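The block underneath contains the structure these notes are about, expressed in structure tokens.
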2 protein chains.
Amino acid sequence: MRLSRYFLPVLKEDPKEAQIVSHRLMLRAGMIRQQAAGIYSWLPLGYKVLRRIEQIVHEEQQRVGHIPLLMPTLQSADLWRESGRYDDYGEEMLRIRDRHKRDLLYGPTNEEMITDIFRSHVGSYKDLPLTLYHIQWKFRDEIRPRFGVMRGREFLMKDGYNFDLTKEDALHAYNRHLVSYLRTYERMGLQAIPMRADGGPIGGDHTHEFLVLAETGESEVYYDSEITDLKFGNRRIDHDSHAECQAVMEEFTSRYARTDETHDETLFQQLPEDRRRVARGIEVGQIFYFGTKYSEPMGATVVAPDGSRVPVHMGSHGIGVSRLLGAIIEASHDERGIIWPEGVTPFHVGIVNLKQGDNSTDSACEALYAELRAQGLDPLYDDRDERAGAKFATMDLIGLPWRITVGPRGLANNKVELTNRRSGETEELPPNDAVARIAAIYEPVLNAG
Amino acid sequence: MRLSRYFLPVLKEDPKEAQIVSHRLMLRAGMIRQQAAGIYSWLPLGYKVLRRIEQIVHEEQQRVGHIPLLMPTLQSADLWRESGRYDDYGEEMLRIRDRHKRDLLYGPTNEEMITDIFRSHVGSYKDLPLTLYHIQWKFRDEIRPRFGVMRGREFLMKDGYNFDLTKEDALHAYNRHLVSYLRTYERMGLQAIPMRADGGPIGGDHTHEFLVLAETGESEVYYDSEITDLKFGNRRIDHDSHAECQAVMEEFTSRYARTDETHDETLFQQLPEDRRRVARGIEVGQIFYFGTKYSEPMGATVVAPDGSRVPVHMGSHGIGVSRLLGAIIEASHDERGIIWPEGVTPFHVGIVNLKQGDNSTDSACEALYAELRAQGLDPLYDDRDERAGAKFATMDLIGLPWRITVGPRGLANNKVELTNRRSGETEELPPNDAVARIAAIYEPVLNAG
């Protein structure tokens, strides 16, 4: 993309309404615009990151055999009356009446609807195991929406639902979700720690939340420092193997890691003192096994091998897609702006032309732009007639992890500058070498799907 | 995908509620499920086609330089009070009140919101031309939703908005949209004819609808038979060139083609009798130039080169993404089911194993499956333990354009059958040749983006 043809409305001033850094930086970088309390437009740069995150979630869900579909945003109230949640849900549910005076609601989650789909179409244990998921906009009418997309009212979420014949199978689905989530977050450059969570009103014996450590996190978290050394990495797991998924689950959840809701001070004190950590975290996902909580009242049963009809064992598993943008920025920024991890950056590399209109720099930038694109990369070329300082400030603010700077002096020696946004380190090298370096850096990212 | 692991709830019986063929076939093929009047879940097969269509729309929009963003589904009523449409819109607008008694609405379209984004962030002619678009769920509370996704209440639409300094520039944007729409629909295997339309309540001097000919179309259409010979094909157009886009516009709109709303019988009668056609059509898109209708009341102005502040010239341009599934099926089916065009088919090819459990057929099918995937193709392997007849019926119903049939007798001579869904023609050939043929057929599809 050439910046002169893009729509990147960066703000010079810090917006007053933003209380936390991710909200401030998303507004300043022209990523979002508030349209009503807790309701945002995703401007082009924000939308691009949202799509990258969504794409990673899709790829990792499908890698483990989960099947995508799409349920609508609006739901019939009748479905929620069946589960009993229509009355229980309270004021966070946005209730709507259509022109024929029928009660609808803007879905805050989809347990009822997916259970309805299941019971209408599946009748035999032979069709199990089955995990269906979607990525769809949800609405929760928070009394005090704040922190930008971190606690918005209209938000994008991946919610997936497993249907299994037995509790054991359903717990395998639970473990498989944990495995896939570890990989999902790592691809986004995040360390998200699974922590024992509270079942809450949705119910559930087994549930873990995934928390990203960040000073501005809404939850206090307590953990064994050894846990931050764990990496999922590029392991190849047989996702059908109960044992392999169970082993990953044990590895990542056997150490102490809890939020304030489930914290047990006595257990925590049993850790060696130098391994005890108290910090703050942002929840970016949750997995739940809740058994037959919905399948029983809603009649989602299958014929078992012995011919009897049994309710299926279910779980639901969520990733906060839109909230992840905020979480990533909270975990990765500095005083100059955002620092995107390579896996989610809106553009892979920025090209800054120090002397727009100069034949040699213009043609060198055009050549870089074309060669990077030919490598399957997505560069942002700042071709505006602006001062170098303004161009650098924009690139730093929007957080592209790599920048190539092209000026007449360097070009005289066939050199451009390659700068790492995070470390600030700069290296001079020939343009072709810069392209090769960037291509090598992104090779694992482009092939991760 | 292996069918044994997929979720494809096909129906054996014709659903009673479906009045038109696309609705009936989408239900029977397990593509959609109604959740409330005019509100559908997109089951996995339907969701897959929806995503293919969405992807084509994205690629063709971005090819001509339009910039994607994403506006929320819910909007503040205040914005619509500014344009005067809050009161005008009537009962089709779904009006919502949140817990703080603020008036919201589920966006039926986005002229107001995009104008608000523009006026807040753009102030100079130097930032023009600009075309922003999104693909987002909309809601119109139709009094009598029917025909499945063809006239649903919650529907997915691409709506794009151009902002230009002058009427001339805005008419170029209009022409550029026409060019991109022609290519978009052709990639979906559709002939969508631009027809002169009526501005209607949204206003606008220049507007064309794109109609697909189909017996079940909601509009009567009148056209010169020469128009159906026009193809956009693989032309390379400079989308910045006013002259090149104008020439395409003239070529595709100079012949008589109108809906009943704009039909002029006197003009029509001037055509030679053998070229006069009266038929029915389905609207799948519309382009509009409406000048300063929104920019003036909402204060969307820029500083012109002479220093004065002028309201921008705008247009809005829509493609009915979810409705397109219905339109494609109406235009492409037979008595056995859907016939997907290669550009949008959910799976590129079906593999039918005639003797599941037989070593030779199983391993030949697995090899075909792996080789097709290695070519970047997306096969559906029917690996269920079912009769051949049931497998064929499912493949025909869901409409994959190509099928490879693997049986023990053919394999003994190193042959499989390759069948074209549309013509029914079958050819025997070695498995490797079948893969090569399928890869060659889809080469233009995979490289069209």
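Every chain in the structure tokens takes a letter, A first, then B, and so on in the order presented; its residues are numbered from 1, and the ligands are numbered from 1 following the presented order.
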**Study point:** Residue hits in chain B, query chain A, radius 6 Å, only C-alpha atoms, as a ChimeraX atom specification
**Key:** /B:9,41-44,47,68-72,96,121
Please save all heavy atoms of the selected residues as an mmCIF file, in the first residue's frame.
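Output file again-v7.cif is given in full below:
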```cif
data_model
loop_
_atom_site.group_PDB
_atom_site.id
_atom_site.type_symbol
_atom_site.label_atom_id
_atom_site.label_comp_id
_atom_site.auth_asym_id
_atom_site.auth_seq_id
_atom_site.Cartn_x
_atom_site.Cartn_y
_atom_site.Cartn_z
ATOM 1 N N PRO B 9 -25.493 -31.613 7.184
ATOM 2 C CA PRO B 9 -26.811 -32.214 7.456
ATOM 3 C C PRO B 9 -27.771 -32.051 6.282
ATOM 4 O O PRO B 9 -28.655 -31.197 6.302
ATOM 5 C CB PRO B 9 -27.285 -31.457 8.694
ATOM 6 C CG PRO B 9 -26.643 -30.115 8.590
ATOM 7 C CD PRO B 9 -25.346 -30.307 7.856
ATOM 8 N N SER B 41 -28.773 -19.191 10.313
ATOM 9 C CA SER B 41 -27.423 -19.661 10.552
ATOM 10 C C SER B 41 -26.878 -20.178 9.233
ATOM 11 O O SER B 41 -27.597 -20.803 8.452
ATOM 12 C CB SER B 41 -27.414 -20.814 11.567
ATOM 13 O OG SER B 41 -27.540 -20.320 12.868
ATOM 14 N N TRP B 42 -25.608 -19.913 9.027
ATOM 15 C CA TRP B 42 -24.911 -20.423 7.855
ATOM 16 C C TRP B 42 -24.166 -21.666 8.288
ATOM 17 O O TRP B 42 -23.126 -21.587 8.955
ATOM 18 C CB TRP B 42 -23.969 -19.350 7.297
ATOM 19 C CG TRP B 42 -24.750 -18.159 6.833
ATOM 20 C CD1 TRP B 42 -25.276 -17.167 7.619
ATOM 21 C CD2 TRP B 42 -25.162 -17.877 5.505
ATOM 22 N NE1 TRP B 42 -25.987 -16.273 6.845
ATOM 23 C CE2 TRP B 42 -25.925 -16.686 5.540
ATOM 24 C CE3 TRP B 42 -24.960 -18.503 4.277
ATOM 25 C CZ2 TRP B 42 -26.488 -16.126 4.399
ATOM 26 C CZ3 TRP B 42 -25.505 -17.930 3.138
ATOM 27 C CH2 TRP B 42 -26.260 -16.763 3.199
ATOM 28 N N LEU B 43 -24.720 -22.814 7.943
ATOM 29 C CA LEU B 43 -24.078 -24.072 8.310
ATOM 30 C C LEU B 43 -22.774 -24.199 7.511
ATOM 31 O O LEU B 43 -22.533 -23.421 6.586
ATOM 32 C CB LEU B 43 -25.056 -25.223 8.074
ATOM 33 C CG LEU B 43 -26.367 -25.086 8.871
ATOM 34 C CD1 LEU B 43 -27.285 -26.275 8.606
ATOM 35 C CD2 LEU B 43 -26.116 -24.934 10.364
ATOM 36 N N PRO B 44 -21.913 -25.154 7.880
ATOM 37 C CA PRO B 44 -20.562 -25.147 7.308
ATOM 38 C C PRO B 44 -20.502 -25.011 5.784
ATOM 39 O O PRO B 44 -19.704 -24.224 5.272
ATOM 40 C CB PRO B 44 -19.984 -26.473 7.805
ATOM 41 C CG PRO B 44 -20.627 -26.639 9.149
ATOM 42 C CD PRO B 44 -22.028 -26.140 8.972
ATOM 43 N N TYR B 47 -21.586 -21.484 4.846
ATOM 44 C CA TYR B 47 -20.578 -20.521 5.291
ATOM 45 C C TYR B 47 -19.376 -20.510 4.357
ATOM 46 O O TYR B 47 -18.809 -19.467 4.046
ATOM 47 C CB TYR B 47 -20.141 -20.866 6.712
ATOM 48 C CG TYR B 47 -19.022 -20.001 7.226
ATOM 49 C CD1 TYR B 47 -19.215 -18.635 7.427
ATOM 50 C CD2 TYR B 47 -17.773 -20.538 7.497
ATOM 51 C CE1 TYR B 47 -18.189 -17.835 7.892
ATOM 52 C CE2 TYR B 47 -16.743 -19.755 7.965
ATOM 53 C CZ TYR B 47 -16.950 -18.405 8.155
ATOM 54 O OH TYR B 47 -15.926 -17.611 8.603
ATOM 55 N N PRO B 68 -10.616 -1.219 2.549
ATOM 56 C CA PRO B 68 -11.549 -1.862 3.476
ATOM 57 C C PRO B 68 -11.431 -1.321 4.891
ATOM 58 O O PRO B 68 -10.339 -1.011 5.373
ATOM 59 C CB PRO B 68 -11.119 -3.332 3.440
ATOM 60 C CG PRO B 68 -9.666 -3.297 3.106
ATOM 61 C CD PRO B 68 -9.461 -2.087 2.232
ATOM 62 N N LEU B 69 -12.563 -1.219 5.539
ATOM 63 C CA LEU B 69 -12.618 -0.952 6.972
ATOM 64 C C LEU B 69 -13.832 -1.725 7.467
ATOM 65 O O LEU B 69 -14.384 -2.547 6.722
ATOM 66 C CB LEU B 69 -12.700 0.548 7.289
ATOM 67 C CG LEU B 69 -13.642 1.469 6.529
ATOM 68 C CD1 LEU B 69 -15.074 1.035 6.563
ATOM 69 C CD2 LEU B 69 -13.543 2.874 7.073
ATOM 70 N N LEU B 70 -14.222 -1.517 8.698
ATOM 71 C CA LEU B 70 -15.400 -2.226 9.191
ATOM 72 C C LEU B 70 -16.144 -1.354 10.175
ATOM 73 O O LEU B 70 -15.613 -0.976 11.216
ATOM 74 C CB LEU B 70 -14.994 -3.544 9.868
ATOM 75 C CG LEU B 70 -16.163 -4.460 10.236
ATOM 76 C CD1 LEU B 70 -16.930 -4.933 9.007
ATOM 77 C CD2 LEU B 70 -15.662 -5.663 11.032
ATOM 78 N N MET B 71 -17.359 -1.034 9.816
ATOM 79 C CA MET B 71 -18.211 -0.269 10.726
ATOM 80 C C MET B 71 -19.076 -1.236 11.527
ATOM 81 O O MET B 71 -19.324 -2.356 11.083
ATOM 82 C CB MET B 71 -19.053 0.714 9.922
ATOM 83 C CG MET B 71 -18.192 1.822 9.320
ATOM 84 S SD MET B 71 -19.092 2.920 8.189
ATOM 85 C CE MET B 71 -18.933 2.005 6.641
ATOM 86 N N PRO B 72 -19.500 -0.819 12.716
ATOM 87 C CA PRO B 72 -20.250 -1.740 13.581
ATOM 88 C C PRO B 72 -21.657 -1.985 13.052
ATOM 89 O O PRO B 72 -22.151 -1.233 12.213
ATOM 90 C CB PRO B 72 -20.290 -1.002 14.916
ATOM 91 C CG PRO B 72 -20.202 0.440 14.553
ATOM 92 C CD PRO B 72 -19.312 0.508 13.337
ATOM 93 N N ILE B 96 -33.635 0.204 18.530
ATOM 94 C CA ILE B 96 -33.228 -0.484 19.751
ATOM 95 C C ILE B 96 -32.980 0.568 20.819
ATOM 96 O O ILE B 96 -32.487 1.656 20.519
ATOM 97 C CB ILE B 96 -31.920 -1.283 19.482
ATOM 98 C CG1 ILE B 96 -32.120 -2.290 18.341
ATOM 99 C CG2 ILE B 96 -31.431 -1.971 20.755
ATOM 100 C CD1 ILE B 96 -30.833 -2.921 17.840
ATOM 101 N N HIS B 121 -12.128 13.117 9.870
ATOM 102 C CA HIS B 121 -10.716 12.815 9.640
ATOM 103 C C HIS B 121 -10.130 13.395 8.359
ATOM 104 O O HIS B 121 -8.921 13.361 8.190
ATOM 105 C CB HIS B 121 -10.519 11.287 9.620
ATOM 106 C CG HIS B 121 -10.784 10.631 10.935
ATOM 107 N ND1 HIS B 121 -10.037 10.879 12.055
ATOM 108 C CD2 HIS B 121 -11.728 9.738 11.313
ATOM 109 C CE1 HIS B 121 -10.500 10.155 13.069
ATOM 110 N NE2 HIS B 121 -11.538 9.460 12.647
#
```
Can you tell me, as a PyMOL selection string, which residues in range 225-439 of chain B count as alpha helix (DSSP H) by DSSP? chain B and resi 242-253+265-269+295-298+321-331+359-374+388-398+408-412+431-439
- Distance of CA of Arg255 in chain A from CA of Leu325 in chain A, expressed in Å to one decimal place: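 CA of Leu325 in chain A sits 27.8 Å away from CA of Arg255 in chain A.
Using only C-alpha atoms, the smallest distance between any of A:Val278, A:Glu342, A:Arg437, A:Gly233 and Glu265 in chain A comes from A:Val278.
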Handout entry: Counting only C-alpha atoms, the residue of A:Pro311, A:Pro431, A:Pro297, A:Gly160 that sits nearest Arg81 in chain A
Key =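 Of the candidates, the smallest distance to Arg81 in chain A is held by A:Pro297.
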List as JSON, numbers by chain the protein and nucleic acid residues near Ile20 in chain A, meaning an atom at most 9 Å away when only C-alpha atoms are counted, but skip any in the same chain fewer than 2 places from it. {"A": [18, 22, 23, 24, 25, 147, 148, 216, 330]}
Write the residues you've just listed into a file as an mmCIF file, in the first residue's frame, and include N, CA, C and O atoms for each of them.
```
data_model
loop_
_atom_site.group_PDB
_atom_site.id
_atom_site.type_symbol
_atom_site.label_atom_id
_atom_site.label_comp_id
_atom_site.auth_asym_id
_atom_site.auth_seq_id
_atom_site.Cartn_x
_atom_site.Cartn_y
_atom_site.Cartn_z
ATOM 1 N N ALA A 18 -9.141 8.478 26.511
ATOM 2 C CA ALA A 18 -8.492 7.176 26.640
ATOM 3 C C ALA A 18 -7.739 7.065 27.963
ATOM 4 O O ALA A 18 -6.862 7.863 28.251
ATOM 5 N N SER A 22 -3.449 1.115 25.304
ATOM 6 C CA SER A 22 -3.893 0.519 24.036
ATOM 7 C C SER A 22 -5.004 1.352 23.415
ATOM 8 O O SER A 22 -5.046 1.550 22.201
ATOM 9 N N HIS A 23 -5.901 1.843 24.235
ATOM 10 C CA HIS A 23 -6.986 2.677 23.723
ATOM 11 C C HIS A 23 -6.402 3.958 23.109
ATOM 12 O O HIS A 23 -6.757 4.351 21.994
ATOM 13 N N ARG A 24 -5.469 4.563 23.847
ATOM 14 C CA ARG A 24 -4.853 5.798 23.363
ATOM 15 C C ARG A 24 -4.133 5.551 22.038
ATOM 16 O O ARG A 24 -4.295 6.302 21.075
ATOM 17 N N LEU A 25 -3.351 4.481 21.993
ATOM 18 C CA LEU A 25 -2.568 4.232 20.778
ATOM 19 C C LEU A 25 -3.448 3.819 19.597
ATOM 20 O O LEU A 25 -3.157 4.168 18.456
ATOM 21 N N PHE A 147 -12.001 1.478 28.220
ATOM 22 C CA PHE A 147 -10.757 0.869 27.748
ATOM 23 C C PHE A 147 -10.828 0.486 26.272
ATOM 24 O O PHE A 147 -10.232 -0.490 25.843
ATOM 25 N N GLY A 148 -11.561 1.255 25.486
ATOM 26 C CA GLY A 148 -11.584 1.013 24.041
ATOM 27 C C GLY A 148 -12.138 -0.346 23.717
ATOM 28 O O GLY A 148 -13.168 -0.758 24.256
ATOM 29 N N THR A 216 -1.677 -3.180 32.920
ATOM 30 C CA THR A 216 -3.026 -2.623 32.955
ATOM 31 C C THR A 216 -4.105 -3.696 33.019
ATOM 32 O O THR A 216 -5.281 -3.385 32.879
ATOM 33 N N GLU A 330 -1.194 -3.607 24.753
ATOM 34 C CA GLU A 330 -0.814 -3.449 26.167
ATOM 35 C C GLU A 330 0.496 -4.180 26.450
ATOM 36 O O GLU A 330 1.331 -3.712 27.218
#
```
A straight line from CA of Arg336 in chain A to CA of Ala388 in chain A spans 15.5 Å
**Q.** Close residues, Val445 in chain B itself excluded, 10 Å, only C-alpha atoms, min 5 positions apart in chain, as number ranges by chain
**A.** B: 187-188, 342-344, 439-440
Handout entry: Straight-line distance linking CA of Val310 in chain A with CA of Arg384 in chain B, stated in Å to one decimal
Key =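 Taking CA of Val310 in chain A and CA of Arg384 in chain B, their separation equals 23.6 Å.
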*Tell me, as a VMD selection string, which residues lie within 12 Å of Asp229 in chain A, counting only C-alpha atoms; anything in the same chain fewer than 4 positions away does not count.*
chain A and resid 191 to 193 224 to 225 233 251 to 252 255 275
TODO: Excluding Arg422 in chain A and any residue of its chain fewer than 2 positions from it, enumerate the residues within 7 Å of it, using only C-alpha atoms, and give them as a ChimeraX atom specification.
DONE: /A:339,401,420,424
Could you write out that same residue set with C-alpha atoms as a PDB file, in the first residue's frame?
```pdb
ATOM      1  CA  ILE A 339       5.246  -2.527  18.418  1.00  0.00           C
ATOM      2  CA  PRO A 401       8.196  -4.171  13.230  1.00  0.00           C
ATOM      3  CA  ASN A 420      14.074  -2.944  13.995  1.00  0.00           C
ATOM      4  CA  GLY A 424      15.851   0.440  17.480  1.00  0.00           C
TER       5      GLY A 424
END
```
Exercise. If you run DSSP on the backbone, which residues of range 96-254 of chain B are strand (DSSP E or B), as a PyMOL selection string?
Worked result: chain B and resi 96-97+103-106+124+130-139+146+151+154-164+192-196+206-213+219-224
- Message: Quick one: residues within 9 Å of Asp362 in chain A, only C-alpha atoms, excluding same-chain residues fewer than 4 positions away - as number ranges by chain?
- Response: A: 353, 355-358, 366-367, 383, 406
